[in-house]
$ cat coords_38.pdb   # PDB, C-alpha atoms
MODEL        1
ATOM      1  CA  MET C1109       7.745  35.338 -67.792  1.00  0.00           C
ATOM      2  CA  ARG C1110       5.413  36.409 -65.003  1.00  0.00           C
ATOM      3  CA  ILE C1111       5.075  35.722 -61.292  1.00  0.00           C
ATOM      4  CA  ASP C1112       2.747  32.726 -61.265  1.00  0.00           C
ATOM      5  CA  HIS C1113       2.168  32.220 -57.554  1.00  0.00           C
ATOM      6  CA  VAL C1114       3.486  32.618 -54.037  1.00  0.00           C
ATOM      7  CA  ILE C1115       3.410  29.817 -51.462  1.00  0.00           C
ATOM      8  CA  TYR C1116       2.315  30.597 -47.914  1.00  0.00           C
ATOM      9  CA  ALA C1117       3.369  27.744 -45.609  1.00  0.00           C
ATOM     10  CA  THR C1118       1.168  27.041 -42.619  1.00  0.00           C
ATOM     11  CA  ALA C1119       0.528  24.316 -40.068  1.00  0.00           C
ATOM     12  CA  ASP C1120      -3.239  24.846 -40.424  1.00  0.00           C
ATOM     13  CA  LEU C1121      -4.899  25.504 -43.796  1.00  0.00           C
ATOM     14  CA  ASP C1122      -8.201  26.587 -42.225  1.00  0.00           C
ATOM     15  CA  ALA C1123      -6.511  29.109 -39.917  1.00  0.00           C
ATOM     16  CA  ALA C1124      -4.456  30.526 -42.793  1.00  0.00           C
ATOM     17  CA  ALA C1125      -7.584  30.817 -44.949  1.00  0.00           C
ATOM     18  CA  SER C1126      -9.311  32.690 -42.114  1.00  0.00           C
ATOM     19  CA  ARG C1127      -6.326  35.057 -41.816  1.00  0.00           C
ATOM     20  CA  VAL C1128      -6.359  35.790 -45.552  1.00  0.00           C
ATOM     21  CA  GLU C1129     -10.105  36.397 -45.448  1.00  0.00           C
ATOM     22  CA  SER C1130     -10.038  38.668 -42.388  1.00  0.00           C
ATOM     23  CA  GLU C1131      -6.869  40.636 -43.224  1.00  0.00           C
ATOM     24  CA  LEU C1132      -7.151  40.839 -47.008  1.00  0.00           C
ATOM     25  CA  SER C1133     -10.847  40.196 -47.675  1.00  0.00           C
ATOM     26  CA  LEU C1134      -9.940  37.342 -50.020  1.00  0.00           C
ATOM     27  CA  GLY C1135     -11.576  33.940 -50.201  1.00  0.00           C
ATOM     28  CA  THR C1136     -10.010  30.573 -50.883  1.00  0.00           C
ATOM     29  CA  VAL C1137     -11.001  27.658 -53.072  1.00  0.00           C
ATOM     30  CA  PRO C1138     -10.247  23.997 -52.441  1.00  0.00           C
ATOM     31  CA  GLY C1139      -6.919  22.747 -53.674  1.00  0.00           C
ATOM     32  CA  GLY C1140      -5.929  19.170 -53.005  1.00  0.00           C
ATOM     33  CA  ARG C1141      -3.203  16.741 -52.069  1.00  0.00           C
ATOM     34  CA  HIS C1142       0.230  16.816 -53.763  1.00  0.00           C
ATOM     35  CA  GLU C1143       0.837  13.179 -54.638  1.00  0.00           C
ATOM     36  CA  GLY C1144       4.024  11.775 -53.123  1.00  0.00           C
ATOM     37  CA  HIS C1145       4.944  14.997 -51.299  1.00  0.00           C
ATOM     38  CA  GLY C1146       2.860  14.737 -48.130  1.00  0.00           C
ATOM     39  CA  THR C1147       1.451  18.240 -48.600  1.00  0.00           C
ATOM     40  CA  HIS C1148      -1.941  19.704 -49.438  1.00  0.00           C
ATOM     41  CA  ASN C1149      -3.169  23.171 -50.318  1.00  0.00           C
ATOM     42  CA  ARG C1150      -5.891  25.742 -50.766  1.00  0.00           C
ATOM     43  CA  ILE C1151      -5.822  28.395 -53.462  1.00  0.00           C
ATOM     44  CA  VAL C1152      -6.429  32.145 -53.192  1.00  0.00           C
ATOM     45  CA  PRO C1153      -7.158  33.239 -56.801  1.00  0.00           C
ATOM     46  CA  LEU C1154      -5.943  36.783 -57.400  1.00  0.00           C
ATOM     47  CA  GLY C1155      -6.569  37.396 -61.114  1.00  0.00           C
ATOM     48  CA  GLY C1156      -2.978  37.649 -62.271  1.00  0.00           C
ATOM     49  CA  GLY C1157      -1.341  35.002 -60.116  1.00  0.00           C
ATOM     50  CA  TYR C1158      -2.464  33.267 -56.968  1.00  0.00           C
ATOM     51  CA  LEU C1159      -1.521  32.635 -53.366  1.00  0.00           C
ATOM     52  CA  GLU C1160      -1.110  28.966 -52.498  1.00  0.00           C
ATOM     53  CA  LEU C1161      -1.695  28.076 -48.869  1.00  0.00           C
ATOM     54  CA  MET C1162       0.339  24.899 -48.240  1.00  0.00           C
ATOM     55  CA  ALA C1163       0.513  22.603 -45.226  1.00  0.00           C
ATOM     56  CA  VAL C1164       1.827  19.160 -44.386  1.00  0.00           C
ATOM     57  CA  ALA C1165      -0.913  16.531 -44.667  1.00  0.00           C
ATOM     58  CA  ASP C1166       1.210  13.439 -43.936  1.00  0.00           C
ATOM     59  CA  PRO C1167       4.438  14.064 -41.968  1.00  0.00           C
ATOM     60  CA  GLU C1168       5.943  10.675 -42.832  1.00  0.00           C
ATOM     61  CA  GLU C1169       5.344  11.090 -46.563  1.00  0.00           C
ATOM     62  CA  ALA C1170       6.534  14.716 -46.390  1.00  0.00           C
ATOM     63  CA  ALA C1171       9.790  13.642 -44.740  1.00  0.00           C
ATOM     64  CA  GLU C1172      10.587  11.556 -47.852  1.00  0.00           C
ATOM     65  CA  SER C1173       9.908  14.401 -50.308  1.00  0.00           C
ATOM     66  CA  PRO C1174      12.162  17.394 -51.028  1.00  0.00           C
ATOM     67  CA  ILE C1175       9.105  19.671 -51.137  1.00  0.00           C
ATOM     68  CA  GLY C1176       7.363  18.209 -48.088  1.00  0.00           C
ATOM     69  CA  SER C1177      10.511  18.118 -45.984  1.00  0.00           C
ATOM     70  CA  ALA C1178      11.333  21.728 -46.915  1.00  0.00           C
ATOM     71  CA  VAL C1179       7.862  22.847 -45.786  1.00  0.00           C
ATOM     72  CA  GLN C1180       8.271  20.885 -42.531  1.00  0.00           C
ATOM     73  CA  ALA C1181      11.709  22.384 -41.880  1.00  0.00           C
ATOM     74  CA  TRP C1182      10.518  25.915 -42.649  1.00  0.00           C
ATOM     75  CA  LEU C1183       7.538  25.543 -40.299  1.00  0.00           C
ATOM     76  CA  THR C1184       9.873  24.354 -37.537  1.00  0.00           C
ATOM     77  CA  ASP C1185      11.668  27.716 -37.728  1.00  0.00           C
ATOM     78  CA  HIS C1186       8.648  29.929 -38.532  1.00  0.00           C
ATOM     79  CA  ALA C1187       5.076  29.820 -37.302  1.00  0.00           C
ATOM     80  CA  GLU C1188       3.786  30.400 -40.849  1.00  0.00           C
ATOM     81  CA  GLY C1189       4.266  32.831 -43.682  1.00  0.00           C
ATOM     82  CA  LEU C1190       5.471  33.497 -47.197  1.00  0.00           C
ATOM     83  CA  PHE C1191       7.667  30.557 -48.080  1.00  0.00           C
ATOM     84  CA  ALA C1192       8.455  30.410 -51.817  1.00  0.00           C
ATOM     85  CA  TRP C1193       7.534  31.845 -55.204  1.00  0.00           C
ATOM     86  CA  ALA C1194       7.109  30.552 -58.727  1.00  0.00           C
ATOM     87  CA  VAL C1195       7.613  32.169 -62.113  1.00  0.00           C
ATOM     88  CA  GLU C1196       5.698  30.924 -65.149  1.00  0.00           C
ATOM     89  CA  ALA C1197       8.040  30.102 -68.023  1.00  0.00           C
ATOM     90  CA  GLU C1198       7.181  29.014 -71.552  1.00  0.00           C
ATOM     91  CA  ASP C1199      10.328  27.079 -72.494  1.00  0.00           C
ATOM     92  CA  LEU C1200      11.131  24.969 -69.453  1.00  0.00           C
ATOM     93  CA  ASP C1201      13.551  22.731 -71.370  1.00  0.00           C
ATOM     94  CA  SER C1202      15.827  25.658 -72.314  1.00  0.00           C
ATOM     95  CA  LEU C1203      15.540  27.101 -68.827  1.00  0.00           C
ATOM     96  CA  ALA C1204      16.485  23.763 -67.248  1.00  0.00           C
ATOM     97  CA  ALA C1205      19.530  23.562 -69.518  1.00  0.00           C
ATOM     98  CA  ARG C1206      20.601  27.145 -68.713  1.00  0.00           C
ATOM     99  CA  LEU C1207      20.267  26.602 -64.957  1.00  0.00           C
ATOM    100  CA  GLY C1208      21.598  23.032 -64.971  1.00  0.00           C
ATOM    101  CA  SER C1209      18.498  21.945 -63.036  1.00  0.00           C
ATOM    102  CA  PRO C1210      16.280  18.921 -63.622  1.00  0.00           C
ATOM    103  CA  ILE C1211      12.617  19.124 -64.577  1.00  0.00           C
ATOM    104  CA  THR C1212      10.295  17.582 -62.000  1.00  0.00           C
ATOM    105  CA  THR C1213       6.552  17.019 -62.084  1.00  0.00           C
ATOM    106  CA  VAL C1214       4.030  17.746 -59.341  1.00  0.00           C
ATOM    107  CA  THR C1215       0.595  16.126 -59.517  1.00  0.00           C
ATOM    108  CA  ARG C1216      -2.515  17.110 -57.580  1.00  0.00           C
ATOM    109  CA  ASP C1217      -5.936  15.582 -58.136  1.00  0.00           C
ATOM    110  CA  GLY C1218      -5.267  14.766 -61.786  1.00  0.00           C
ATOM    111  CA  PHE C1219      -3.624  18.107 -62.554  1.00  0.00           C
ATOM    112  CA  SER C1220       0.098  18.288 -63.169  1.00  0.00           C
ATOM    113  CA  ALA C1221       2.766  20.914 -63.671  1.00  0.00           C
ATOM    114  CA  ARG C1222       6.423  20.737 -64.634  1.00  0.00           C
ATOM    115  CA  LEU C1223       8.896  22.563 -62.406  1.00  0.00           C
ATOM    116  CA  VAL C1224      12.523  23.664 -62.736  1.00  0.00           C
ATOM    117  CA  GLY C1225      14.845  24.837 -59.977  1.00  0.00           C
ATOM    118  CA  VAL C1226      12.786  23.603 -57.047  1.00  0.00           C
ATOM    119  CA  ALA C1227      15.750  22.265 -55.034  1.00  0.00           C
ATOM    120  CA  GLU C1228      17.615  25.590 -55.226  1.00  0.00           C
ATOM    121  CA  ALA C1229      14.497  27.605 -54.407  1.00  0.00           C
ATOM    122  CA  LEU C1230      13.749  25.456 -51.361  1.00  0.00           C
ATOM    123  CA  ARG C1231      17.304  25.916 -50.078  1.00  0.00           C
ATOM    124  CA  ASP C1232      17.245  29.672 -50.778  1.00  0.00           C
ATOM    125  CA  PRO C1233      13.558  30.756 -50.716  1.00  0.00           C
ATOM    126  CA  TRP C1234      14.362  34.186 -52.117  1.00  0.00           C
ATOM    127  CA  LEU C1235      15.085  32.420 -55.414  1.00  0.00           C
ATOM    128  CA  PRO C1236      12.084  31.510 -57.558  1.00  0.00           C
ATOM    129  CA  PHE C1237      11.392  28.151 -59.090  1.00  0.00           C
ATOM    130  CA  PHE C1238       9.829  27.957 -62.532  1.00  0.00           C
ATOM    131  CA  ILE C1239       6.553  26.349 -63.585  1.00  0.00           C
ATOM    132  CA  ALA C1240       4.735  25.354 -66.763  1.00  0.00           C
ATOM    133  CA  ARG C1241       1.294  23.749 -66.920  1.00  0.00           C
ATOM    134  CA  ASP C1242       0.018  21.666 -69.801  1.00  0.00           C
ATOM    135  CA  GLN C1243      -2.381  23.672 -71.976  1.00  0.00           C
ATOM    136  CA  ALA C1244      -5.276  21.504 -70.796  1.00  0.00           C
ATOM    137  CA  ILE C1245      -4.611  22.460 -67.160  1.00  0.00           C
ATOM    138  CA  PRO C1246      -6.636  25.487 -66.025  1.00  0.00           C
ATOM    139  CA  ASP C1247      -4.803  28.371 -64.386  1.00  0.00           C
ATOM    140  CA  PRO C1248      -5.778  28.410 -60.672  1.00  0.00           C
ATOM    141  CA  ASP C1249      -6.330  32.183 -60.762  1.00  0.00           C
ATOM    142  CA  ALA C1250      -8.682  32.138 -63.746  1.00  0.00           C
ATOM    143  CA  GLY C1251     -11.777  34.283 -63.279  1.00  0.00           C
ATOM    144  CA  ALA C1252     -10.565  36.142 -60.187  1.00  0.00           C
ATOM    145  CA  ASP C1253     -10.266  39.918 -59.941  1.00  0.00           C
ATOM    146  CA  ALA C1254      -8.407  40.736 -56.713  1.00  0.00           C
ATOM    147  CA  GLY C1255      -5.771  42.873 -58.410  1.00  0.00           C
ATOM    148  CA  GLY C1256      -3.186  40.156 -59.060  1.00  0.00           C
ATOM    149  CA  ILE C1257       0.329  39.901 -57.682  1.00  0.00           C
ATOM    150  CA  THR C1258       1.597  43.451 -58.102  1.00  0.00           C
ATOM    151  CA  TRP C1259       5.048  43.066 -56.508  1.00  0.00           C
ATOM    152  CA  LEU C1260       7.264  40.885 -54.327  1.00  0.00           C
ATOM    153  CA  GLU C1261       9.789  42.003 -51.760  1.00  0.00           C
ATOM    154  CA  VAL C1262      12.811  39.776 -51.145  1.00  0.00           C
ATOM    155  CA  ALA C1263      16.072  40.110 -49.270  1.00  0.00           C
ATOM    156  CA  ALA C1264      18.418  38.529 -51.778  1.00  0.00           C
ATOM    157  CA  ASP C1265      21.768  38.303 -53.493  1.00  0.00           C
ATOM    158  CA  THR C1266      20.919  40.701 -56.340  1.00  0.00           C
ATOM    159  CA  ASP C1267      23.376  39.270 -58.891  1.00  0.00           C
ATOM    160  CA  ARG C1268      22.331  35.686 -58.255  1.00  0.00           C
ATOM    161  CA  LEU C1269      18.621  36.534 -58.454  1.00  0.00           C
ATOM    162  CA  GLU C1270      19.013  38.562 -61.646  1.00  0.00           C
ATOM    163  CA  GLY C1271      21.108  35.778 -63.188  1.00  0.00           C
ATOM    164  CA  ARG C1272      18.472  33.208 -62.345  1.00  0.00           C
ATOM    165  CA  LEU C1273      15.744  35.349 -63.928  1.00  0.00           C
ATOM    166  CA  GLY C1274      17.861  35.760 -67.070  1.00  0.00           C
ATOM    167  CA  GLY C1275      16.967  39.417 -67.551  1.00  0.00           C
ATOM    168  CA  ALA C1276      13.198  39.002 -67.117  1.00  0.00           C
ATOM    169  CA  ASP C1277      11.603  42.233 -65.948  1.00  0.00           C
ATOM    170  CA  LEU C1278       9.487  41.222 -62.951  1.00  0.00           C
ATOM    171  CA  PRO C1279       8.092  43.469 -60.184  1.00  0.00           C
ATOM    172  CA  VAL C1280      10.549  42.297 -57.516  1.00  0.00           C
ATOM    173  CA  ARG C1281      11.898  44.684 -54.866  1.00  0.00           C
ATOM    174  CA  ILE C1282      15.240  43.679 -53.379  1.00  0.00           C
ATOM    175  CA  VAL C1283      15.852  44.821 -49.806  1.00  0.00           C
ATOM    176  CA  GLU C1284      18.607  44.439 -47.213  1.00  0.00           C
ATOM    177  CA  GLY C1285      18.490  41.900 -44.407  1.00  0.00           C
ATOM    178  CA  THR C1286      18.320  38.198 -43.753  1.00  0.00           C
ATOM    179  CA  PRO C1287      17.688  36.461 -47.086  1.00  0.00           C
ATOM    180  CA  GLY C1288      14.091  35.450 -47.700  1.00  0.00           C
ATOM    181  CA  LEU C1289      10.732  36.282 -49.174  1.00  0.00           C
ATOM    182  CA  ARG C1290       9.419  39.246 -47.155  1.00  0.00           C
ATOM    183  CA  ALA C1291       6.147  40.513 -48.629  1.00  0.00           C
ATOM    184  CA  MET C1292       3.840  40.549 -51.622  1.00  0.00           C
ATOM    185  CA  GLY C1293       1.492  43.095 -53.097  1.00  0.00           C
ATOM    186  CA  ILE C1294      -2.015  41.990 -54.024  1.00  0.00           C
ATOM    187  CA  GLY C1295      -3.669  44.825 -55.930  1.00  0.00           C
ATOM    188  CA  ASP C1296      -3.420  47.731 -53.454  1.00  0.00           C
ATOM    189  CA  ARG C1297      -3.033  45.416 -50.419  1.00  0.00           C
ATOM    190  CA  GLU C1298      -0.006  43.669 -49.026  1.00  0.00           C
ATOM    191  CA  LEU C1299       0.751  40.453 -47.189  1.00  0.00           C
ATOM    192  CA  ARG C1300       3.914  40.656 -45.127  1.00  0.00           C
ATOM    193  CA  ASN C1301       5.791  38.083 -43.078  1.00  0.00           C
ATOM    194  CA  GLY C1302       5.518  38.980 -39.402  1.00  0.00           C
TER     195      GLY C1302
ENDMDL
END

$ encode --input "coords_38.pdb" --output "structure tokens"
Amino acid sequence: MRIDHVIYATADLDAAASRVESELSLGTVPGGRHEGHGTHNRIVPLGGGYLELMAVADPEEAAESPIGSAVQAWLTDHAEGLFAWAVEAEDLDSLAARLGSPITTVTRDGFSARLVGVAEALRDPWLPFFIARDQAIPDPDAGADAGGITWLEVAADTDRLEGRLGGADLPVRIVEGTPGLRAMGIGDRELRNG
């Protein structure tokens, strides 16, 4: 297992891309529309994971989707910031059985990925969800060299998080405070929720 990506929720993809470029000296590449979820994205390839900038593209469609409605609700309470995180897993079927969570599929511009534990992670964003791409699907961070995701900082229920990860050794710092995703390391830089 490895940290696959972190989602940064924003009301404005262009403004978030400008922030990432000015504060972290990182560029973005086009993403696309998440079919049936009312959201769209841009990708910040990091070379060892990526940052996904995500916004609501269609509020009505988003309201009907667990993912879209969670982004809308989060943005109502926060201006923007680190919203959720995903862990790449090889055996999603076994993981789904262990967690008692269904496998769902997200499709964007002909690319698809299978996800486990999305509902729990959207309710408690300090928990990761799990992702697996088909072998034919390129990794969004391929070819980048920004230092990768070096660590995450979360305020979390330690036992519940460790149980969810099933003993995987990931660079996650657990801190005190209101539960949530607090910060991420990108090479020797960091992106922190304000």

$ closest_atom_pairs --input "coords_38.pdb" --of "stretch 1135-1221 of chain C" --to "stretch 1271-1292 of chain C" --cutoff "10 Å" --atoms "only C-alpha atoms" --output "CSV"
residue,atom,partner,partner_atom,distance
C:Leu1159,CA,C:Met1292,CA,9.7
C:Gly1189,CA,C:Arg1290,CA,8.9
C:Leu1190,CA,C:Leu1289,CA,6.3
C:Phe1191,CA,C:Leu1289,CA,6.6
C:Ala1192,CA,C:Leu1289,CA,6.8
C:Trp1193,CA,C:Leu1289,CA,8.1
C:Val1195,CA,C:Leu1273,CA,8.9
C:Leu1203,CA,C:Gly1274,CA,9.1
C:Arg1206,CA,C:Arg1272,CA,9.0
C:Leu1207,CA,C:Arg1272,CA,7.3

$ resolve_selection --input "coords_38.pdb" --expression "the PyMOL selection byres ((chain C and resi 1199) around 12)" --output "PyMOL selection string"
chain C and resi 1109+1195-1198+1200-1206+1211+1222-1224+1238-1242

$ closest_residue --input "coords_38.pdb" --among "C:Glu1298, C:Glu1270, C:Glu1261, C:Asp1120" --to "C:Leu1183" --atoms "all atoms listed in the file"
C:Asp1120

$ closest_residue --input "coords_38.pdb" --among "C:Thr1184, C:Gly1156, C:Asp1232, C:Glu1168" --to "C:Trp1259" --atoms "only C-alpha atoms"
C:Gly1156

$ resolve_selection --input "coords_38.pdb" --expression "the PyMOL selection byres ((chain C and resi 1130-1133) around 12)" --output "list in words"
Ala1123, Ala1124, Ala1125, Ser1126, Arg1127, Val1128, Glu1129, Leu1134, Gly1135, Thr1136, Val1152, Leu1154, Leu1159, Ala1254, Gly1255, Met1292, Gly1293, Ile1294, Gly1295, Asp1296, Arg1297, Glu1298, Leu1299 and Arg1300 of chain C

$ atom_distance --input "coords_38.pdb" --atom1 "atom CA of C:Gly1140" --atom2 "atom CA of C:Gly1176"
14.2 Å

$ resolve_selection --input "coords_38.pdb" --expression "the PyMOL selection byres ((chain C and resi 1178) around 12)" --output "PyMOL selection string"
chain C and resi 1117+1145-1147+1162-1164+1167+1170-1177+1179-1185+1191-1192+1226-1233

$ write_last_selection --input "coords_38.pdb" --atoms "C-alpha atoms" --output "mmCIF file, in the frame of the given file"
data_model
loop_
_atom_site.group_PDB
_atom_site.id
_atom_site.type_symbol
_atom_site.label_atom_id
_atom_site.label_comp_id
_atom_site.auth_asym_id
_atom_site.auth_seq_id
_atom_site.Cartn_x
_atom_site.Cartn_y
_atom_site.Cartn_z
ATOM 1 C CA ALA C 1117 3.369 27.744 -45.609
ATOM 2 C CA HIS C 1145 4.944 14.997 -51.299
ATOM 3 C CA GLY C 1146 2.860 14.737 -48.130
ATOM 4 C CA THR C 1147 1.451 18.240 -48.600
ATOM 5 C CA MET C 1162 0.339 24.899 -48.240
ATOM 6 C CA ALA C 1163 0.513 22.603 -45.226
ATOM 7 C CA VAL C 1164 1.827 19.160 -44.386
ATOM 8 C CA PRO C 1167 4.438 14.064 -41.968
ATOM 9 C CA ALA C 1170 6.534 14.716 -46.390
ATOM 10 C CA ALA C 1171 9.790 13.642 -44.740
ATOM 11 C CA GLU C 1172 10.587 11.556 -47.852
ATOM 12 C CA SER C 1173 9.908 14.401 -50.308
ATOM 13 C CA PRO C 1174 12.162 17.394 -51.028
ATOM 14 C CA ILE C 1175 9.105 19.671 -51.137
ATOM 15 C CA GLY C 1176 7.363 18.209 -48.088
ATOM 16 C CA SER C 1177 10.511 18.118 -45.984
ATOM 17 C CA VAL C 1179 7.862 22.847 -45.786
ATOM 18 C CA GLN C 1180 8.271 20.885 -42.531
ATOM 19 C CA ALA C 1181 11.709 22.384 -41.880
ATOM 20 C CA TRP C 1182 10.518 25.915 -42.649
ATOM 21 C CA LEU C 1183 7.538 25.543 -40.299
ATOM 22 C CA THR C 1184 9.873 24.354 -37.537
ATOM 23 C CA ASP C 1185 11.668 27.716 -37.728
ATOM 24 C CA PHE C 1191 7.667 30.557 -48.080
ATOM 25 C CA ALA C 1192 8.455 30.410 -51.817
ATOM 26 C CA VAL C 1226 12.786 23.603 -57.047
ATOM 27 C CA ALA C 1227 15.750 22.265 -55.034
ATOM 28 C CA GLU C 1228 17.615 25.590 -55.226
ATOM 29 C CA ALA C 1229 14.497 27.605 -54.407
ATOM 30 C CA LEU C 1230 13.749 25.456 -51.361
ATOM 31 C CA ARG C 1231 17.304 25.916 -50.078
ATOM 32 C CA ASP C 1232 17.245 29.672 -50.778
ATOM 33 C CA PRO C 1233 13.558 30.756 -50.716
#

$ atom_distance --input "coords_38.pdb" --atom1 "atom CA of C:Leu1260" --atom2 "atom CA of C:Ala1165"
27.4 Å

$ closest_residue --input "coords_38.pdb" --among "C:Ala1194, C:Ala1187, C:Val1137, C:Val1262" --to "C:Ile1115" --atoms "all atoms listed in the file"
C:Ala1194

$ atom_distance --input "coords_38.pdb" --atom1 "atom CA of C:Glu1160" --atom2 "atom CA of C:Val1114"
6.1 Å

$ axis_aligned_box --input "coords_38.pdb" --around "stretch 1135-1142 of chain C" --padding-each-side "4 Å" --output "lines of an AutoDock Vina configuration file"
center_x = -5.7
center_y = 25.3
center_z = -52.0
size_x = 19.8
size_y = 25.2
size_z = 11.6

$ residues_around --input "coords_38.pdb" --residues "C:Tyr1158" --least-positions-apart "3" --cutoff "8 Å" --atoms "all atoms listed in the file" --output "list in words"
Asp1112, His1113, Val1114, Ile1151, Val1152, Pro1153, Leu1154, Gly1155, Pro1248, Asp1249, Gly1256 and Ile1257 of chain C

$ closest_residue --input "coords_38.pdb" --among "C:Pro1236, C:Gly1302, C:Gly1157, C:Gly1208" --to "C:Thr1258" --atoms "only C-alpha atoms"
C:Gly1157
